[in-house]
Amino acid sequence: MPPADTGASVTDRAAASPLSSTGSSSSAAAPDPESGKLRPGGPGYRRMSFALFAAGVATFALLYSTQALLPAISTDLGVSPDQASWTVSAATLGLALGVIPLSAVSERFGRRTLMTVSLSVATLIALLVPFAPSLGVLIALRGVQGVALAGLPASAMAFLAEEVRAKALVAAIGLFVAGNSIGGMSGRIVTGWVAQAWGWRAALGAVGVLAVVCAVTFRLLVPKARHFAARSVGPRALARTLGGHLADPLLRRLYAIGGLFMTVFGAVYTVIGYRLVSDPFNLPQGIIGSIFVVYLVGTASSAAAGKLVARTGRRGALYLAVGTTSTGLLLSLADSVYAVLAGLILITAGFFAGHAVASSSVSRTAKTARAQASALYQCAYYTGSSLGGALGAVAFYAVGWEGTVLLGLAAMVGAASITLYATRKAVAERRLLHLEKAA
C-alpha cells in the first residue's frame, strides 16, 4: 500500500524546496510520473475497481458457462466427456489465439474502447449460444465467443499498469482476478440450479442475462484513460515486441508458471461435475453447481496476493500456491464429498494466489509494451486451460479421477521446478555480488 498522498501538486512541492548551496534556485524538479495515477482512496480508484470487477465477473462467467453443465450436455446430446469438454476448451483456445492480435489493436484504439467492444460482442454471442442446434455449432459459437472475450485480458492488465500506481498494482490486479473468481462461481451456481429446473439451454440464457448486467455496469463506471498514448503496431513491430518479451528469462518463467497453474484449474473444474454426478456421490445438478461457491476462496486469496508477496516475496508466494494446490489435489482423491470439497477449496485458493502473483509480476517486469507482455501471459494461461480441460477429460474418461489428479500434480511439479530454478539463480547472483563487493 503506497503512503498517503498529501494532495500537494508537483509545482507546490518544487516551490517549497530550499535554495541550492550556491544561493541560486535549483532547477524545477521533473514531474513524478506516478503522481497523476490512481491510488487506493483516491478519486476514481473505486469506480475503476468496480468497473474492472464487473468485467472480470463477465469474463469468467461467459468463458466457463458450459463447464458445470457438461454432464447435462453429454446426456442431452449423447456425447462423451472428452467431446463435451470442447465446449469449454474451444472458448479458452479462442481466447488464447485472439489475445495477442487484440493487444495490438488496444495499442491503436485504446484499452477502454477494446474492453467495451469485446464485452459487448461476447455478450451478444452469449444470447445466441442457448439456441445452438448441435454440439458442433455450440463448439463453434463458443470458439468465436472466446476470441471476442480476448479483448478483456488483452487490455485490462495494461490498463491497470498504466492508470494505477506501481505500489498498488498487485492489489488492483488482485481485484480484477477476484472478479474472475466471482464470475466463475456465480456462473456455475446459476447454471447448476437453472439447469436442474429448466435444462442446460435455459442455464446458458441466464448467464447471458448476467453478462448484459455486467457489460452495462462496466461501461457506466470505467474511467477514461489518462495515461494512454495511441500508437500503431504493425505485424513486424508486433513480432519484434513479442520476441523481446520472450527473450526475457523472467517473463518466460512467469508465462510457463501461469500456464501450468491453469492446466490444473482447467482439468479439475472441467471434470469435477462428472465425478460428483456419478457413484459414490450421485449429486443432483443444482448441488453440483452450488459446490462452486468455493470460488469465494479464490476471491479472497487473489485479493490478498499483494500482502502475501510483501511477506514472503514473489517466489515464496508461488511455493505456497503450489503446495496448497497440490495438497488439494491429493485430498480430492478420497471418496468423501467433504474431502472433495476441502480439496477444491485448497486447489482454488492455491490457483488464484499463483495466478495473481504471476500475472502482476508480468505487468511489473515489462517496462515497455505491457499490453503485449500481458497478452503473452494470457496466451500461455488460456492455452494451459484448454490443454487442462481437454487432457483432464481424456484422463478421466480413460482412467478416472486419479488420472485427472495425476495430470494436475505433474503440472505443479513443473511450476515448483521453475520456481526452484529461479530461487537458485537468485541465490547464486547474490553470492556473486557479495564476493565482488568483498573483493
# chains A, B, ... in the order shown; residues from 1 in each chain; ligands from 1
$ residues_around --residues "Arg314 in chain A" --least-positions-apart "6" --cutoff "10 Å" --atoms "only C-alpha atoms" --output "list in words"
Ala305, Gly306, Leu308, Gly354, Val357, Ala358, Ser361 and Thr419 of chain A
$ write_last_selection --atoms "N, CA and C atoms" --output "CSV table (one decimal), in the first residue's frame"
chain,number,residue,atom,x,y,z
A,305,ALA,N,-3.2,-11.4,-2.5
A,305,ALA,CA,-1.9,-11.8,-3.1
A,305,ALA,C,-0.8,-10.7,-2.8
A,306,GLY,N,-1.2,-9.4,-2.9
A,306,GLY,CA,-0.3,-8.4,-2.6
A,306,GLY,C,0.4,-8.5,-1.3
A,308,LEU,N,0.6,-11.2,0.6
A,308,LEU,CA,1.4,-12.4,0.6
A,308,LEU,C,2.8,-12.2,0.0
A,354,GLY,N,-1.5,-18.1,-7.0
A,354,GLY,CA,-0.5,-18.2,-8.0
A,354,GLY,C,-0.7,-17.4,-9.2
A,357,VAL,N,-0.2,-13.6,-8.4
A,357,VAL,CA,1.3,-13.3,-8.3
A,357,VAL,C,2.0,-13.3,-9.6
A,358,ALA,N,1.7,-14.3,-10.5
A,358,ALA,CA,2.4,-14.4,-11.7
A,358,ALA,C,2.0,-13.3,-12.7
A,361,SER,N,3.3,-9.9,-11.6
A,361,SER,CA,4.7,-9.8,-11.8
A,361,SER,C,5.1,-9.6,-13.3
A,419,THR,N,10.2,-22.4,-10.3
A,419,THR,CA,10.4,-21.5,-9.2
A,419,THR,C,11.6,-21.8,-8.4
$ residues_around --residues "range 344-350 of chain A" --least-positions-apart "3" --cutoff "10 Å" --atoms "only C-alpha atoms" --output "PyMOL selection string"
chain A and resi 181+261+264-265+268-269+272+291-302+317-332+338-341+353-355+408
$ write_last_selection --atoms "N, CA and C atoms" --output "short mmCIF file (atom, residue, chain, number, x, y, z; two decimals), in the first residue's frame"
data_model
loop_
_atom_site.label_atom_id
_atom_site.label_comp_id
_atom_site.auth_asym_id
_atom_site.auth_seq_id
_atom_site.Cartn_x
_atom_site.Cartn_y
_atom_site.Cartn_z
N SER A 181 -13.02 -14.76 -10.21
CA SER A 181 -13.47 -15.85 -9.35
C SER A 181 -14.95 -15.73 -9.03
N PHE A 261 -0.36 -23.52 -13.80
CA PHE A 261 -1.43 -23.37 -12.82
C PHE A 261 -2.80 -23.53 -13.49
N VAL A 264 -3.98 -27.14 -14.23
CA VAL A 264 -4.64 -27.79 -13.10
C VAL A 264 -6.08 -27.33 -12.98
N PHE A 265 -6.28 -26.03 -13.03
CA PHE A 265 -7.60 -25.46 -12.85
C PHE A 265 -8.56 -25.94 -13.94
N VAL A 268 -9.35 -29.82 -13.41
CA VAL A 268 -10.18 -30.12 -12.24
C VAL A 268 -11.62 -29.67 -12.44
N TYR A 269 -11.82 -28.43 -12.86
CA TYR A 269 -13.18 -27.90 -12.94
C TYR A 269 -13.94 -28.36 -14.18
N ILE A 272 -14.81 -32.22 -12.65
CA ILE A 272 -15.38 -32.46 -11.32
C ILE A 272 -16.88 -32.75 -11.37
N ILE A 291 -21.60 -26.22 -5.27
CA ILE A 291 -20.27 -26.51 -4.73
C ILE A 291 -19.25 -25.48 -5.21
N PHE A 292 -19.55 -24.83 -6.33
CA PHE A 292 -18.61 -23.84 -6.86
C PHE A 292 -18.59 -22.55 -6.05
N VAL A 293 -19.34 -22.52 -4.94
CA VAL A 293 -19.23 -21.39 -4.02
C VAL A 293 -17.82 -21.30 -3.46
N VAL A 294 -17.04 -22.39 -3.59
CA VAL A 294 -15.64 -22.35 -3.14
C VAL A 294 -14.83 -21.30 -3.90
N TYR A 295 -15.38 -20.78 -5.00
CA TYR A 295 -14.70 -19.70 -5.71
C TYR A 295 -14.48 -18.48 -4.82
N LEU A 296 -15.32 -18.34 -3.79
CA LEU A 296 -15.11 -17.23 -2.86
C LEU A 296 -13.74 -17.29 -2.22
N VAL A 297 -13.22 -18.50 -2.04
CA VAL A 297 -11.87 -18.65 -1.51
C VAL A 297 -10.87 -18.05 -2.50
N GLY A 298 -11.12 -18.25 -3.79
CA GLY A 298 -10.26 -17.65 -4.80
C GLY A 298 -10.33 -16.14 -4.78
N THR A 299 -11.52 -15.60 -4.52
CA THR A 299 -11.67 -14.15 -4.41
C THR A 299 -10.78 -13.61 -3.29
N ALA A 300 -10.80 -14.28 -2.15
CA ALA A 300 -10.00 -13.83 -1.01
C ALA A 300 -8.51 -14.00 -1.26
N SER A 301 -8.11 -15.15 -1.82
CA SER A 301 -6.68 -15.41 -2.00
C SER A 301 -6.07 -14.52 -3.06
N SER A 302 -6.82 -14.22 -4.13
CA SER A 302 -6.27 -13.33 -5.17
C SER A 302 -6.20 -11.89 -4.67
N ALA A 317 5.61 -16.79 -2.30
CA ALA A 317 4.17 -16.87 -2.54
C ALA A 317 3.85 -17.98 -3.54
N LEU A 318 4.71 -18.14 -4.55
CA LEU A 318 4.48 -19.20 -5.53
C LEU A 318 4.66 -20.58 -4.92
N TYR A 319 5.66 -20.74 -4.05
CA TYR A 319 5.82 -22.03 -3.35
C TYR A 319 4.57 -22.37 -2.54
N LEU A 320 4.04 -21.39 -1.83
CA LEU A 320 2.84 -21.61 -1.04
C LEU A 320 1.66 -21.98 -1.93
N ALA A 321 1.55 -21.32 -3.08
CA ALA A 321 0.45 -21.61 -4.00
C ALA A 321 0.56 -23.03 -4.56
N VAL A 322 1.78 -23.43 -4.93
CA VAL A 322 2.00 -24.79 -5.44
C VAL A 322 1.66 -25.83 -4.37
N GLY A 323 2.15 -25.61 -3.14
CA GLY A 323 1.89 -26.55 -2.06
C GLY A 323 0.42 -26.67 -1.72
N THR A 324 -0.27 -25.53 -1.71
CA THR A 324 -1.70 -25.53 -1.41
C THR A 324 -2.49 -26.28 -2.48
N THR A 325 -2.17 -26.00 -3.74
CA THR A 325 -2.86 -26.67 -4.85
C THR A 325 -2.62 -28.17 -4.84
N SER A 326 -1.37 -28.57 -4.64
CA SER A 326 -1.03 -30.00 -4.64
C SER A 326 -1.71 -30.74 -3.49
N THR A 327 -1.76 -30.12 -2.33
CA THR A 327 -2.45 -30.73 -1.19
C THR A 327 -3.93 -30.93 -1.49
N GLY A 328 -4.53 -29.94 -2.14
CA GLY A 328 -5.94 -30.06 -2.52
C GLY A 328 -6.18 -31.19 -3.51
N LEU A 329 -5.28 -31.36 -4.47
CA LEU A 329 -5.41 -32.44 -5.44
C LEU A 329 -5.38 -33.81 -4.75
N LEU A 330 -4.45 -33.99 -3.84
CA LEU A 330 -4.34 -35.27 -3.13
C LEU A 330 -5.56 -35.51 -2.25
N LEU A 331 -6.04 -34.47 -1.60
CA LEU A 331 -7.20 -34.61 -0.72
C LEU A 331 -8.45 -34.99 -1.51
N SER A 332 -8.55 -34.52 -2.74
CA SER A 332 -9.74 -34.78 -3.55
C SER A 332 -9.86 -36.22 -4.00
N TYR A 338 -17.05 -34.39 1.57
CA TYR A 338 -16.41 -33.35 2.39
C TYR A 338 -14.93 -33.22 2.05
N ALA A 339 -14.27 -34.37 1.80
CA ALA A 339 -12.86 -34.33 1.41
C ALA A 339 -12.71 -33.68 0.03
N VAL A 340 -13.60 -34.01 -0.88
CA VAL A 340 -13.55 -33.40 -2.22
C VAL A 340 -13.77 -31.90 -2.13
N LEU A 341 -14.72 -31.48 -1.30
CA LEU A 341 -14.98 -30.04 -1.12
C LEU A 341 -13.77 -29.34 -0.53
N ALA A 353 -4.13 -17.57 -6.03
CA ALA A 353 -2.97 -16.88 -5.49
C ALA A 353 -1.81 -16.93 -6.47
N GLY A 354 -1.54 -18.11 -7.03
CA GLY A 354 -0.46 -18.25 -8.00
C GLY A 354 -0.69 -17.40 -9.23
N HIS A 355 -1.93 -17.38 -9.73
CA HIS A 355 -2.26 -16.59 -10.91
C HIS A 355 -2.09 -15.10 -10.64
N GLY A 408 -2.75 -32.98 -12.85
CA GLY A 408 -2.59 -31.76 -12.07
C GLY A 408 -1.31 -31.75 -11.26
#
$ atom_distance --atom1 "CA of Gly143 in chain A" --atom2 "CA of Trp86 in chain A"
9.3 Å
$ closest_atom_pairs --of "range 330-425 of chain A" --to "range 96-118 of chain A" --cutoff "6 Å" --atoms "only C-alpha atoms" --output "tab-separated table"
residue	atom	partner	partner_atom	distance
A:Ala371	CA	A:Ser103	CA	5.6
A:Gln372	CA	A:Ser103	CA	5.8
A:Ala375	CA	A:Ile100	CA	5.1
A:Cys379	CA	A:Ala96	CA	4.3
A:Tyr382	CA	A:Ala96	CA	5.3
A:Thr383	CA	A:Ala96	CA	5.8
$ atom_distance --atom1 "CA of Ala256 in chain A" --atom2 "CA of Thr270 in chain A"
20.9 Å
$ closest_residue --among "A:Gly146, A:Gly174, A:Gly192, A:Gly94" --to "Ala304 in chain A" --atoms "only C-alpha atoms"
A:Gly174
$ select_by_dssp --residues "range 219-435 of chain A" --states "alpha helix (DSSP H)" --output "NGL selection string"
:A and (219-221 or 235-246 or 249-277 or 285-290 or 295-303 or 305-331 or 337-365 or 370-398 or 401-435)
$ closest_residue --among "A:Leu433, A:Ala342, A:Leu138, A:Ala158" --to "Val88 in chain A" --atoms "only C-alpha atoms"
A:Leu138
$ closest_residue --among "A:Ser85, A:Thr423, A:Gln285, A:Ser80" --to "Ala197 in chain A" --atoms "only C-alpha atoms"
A:Gln285
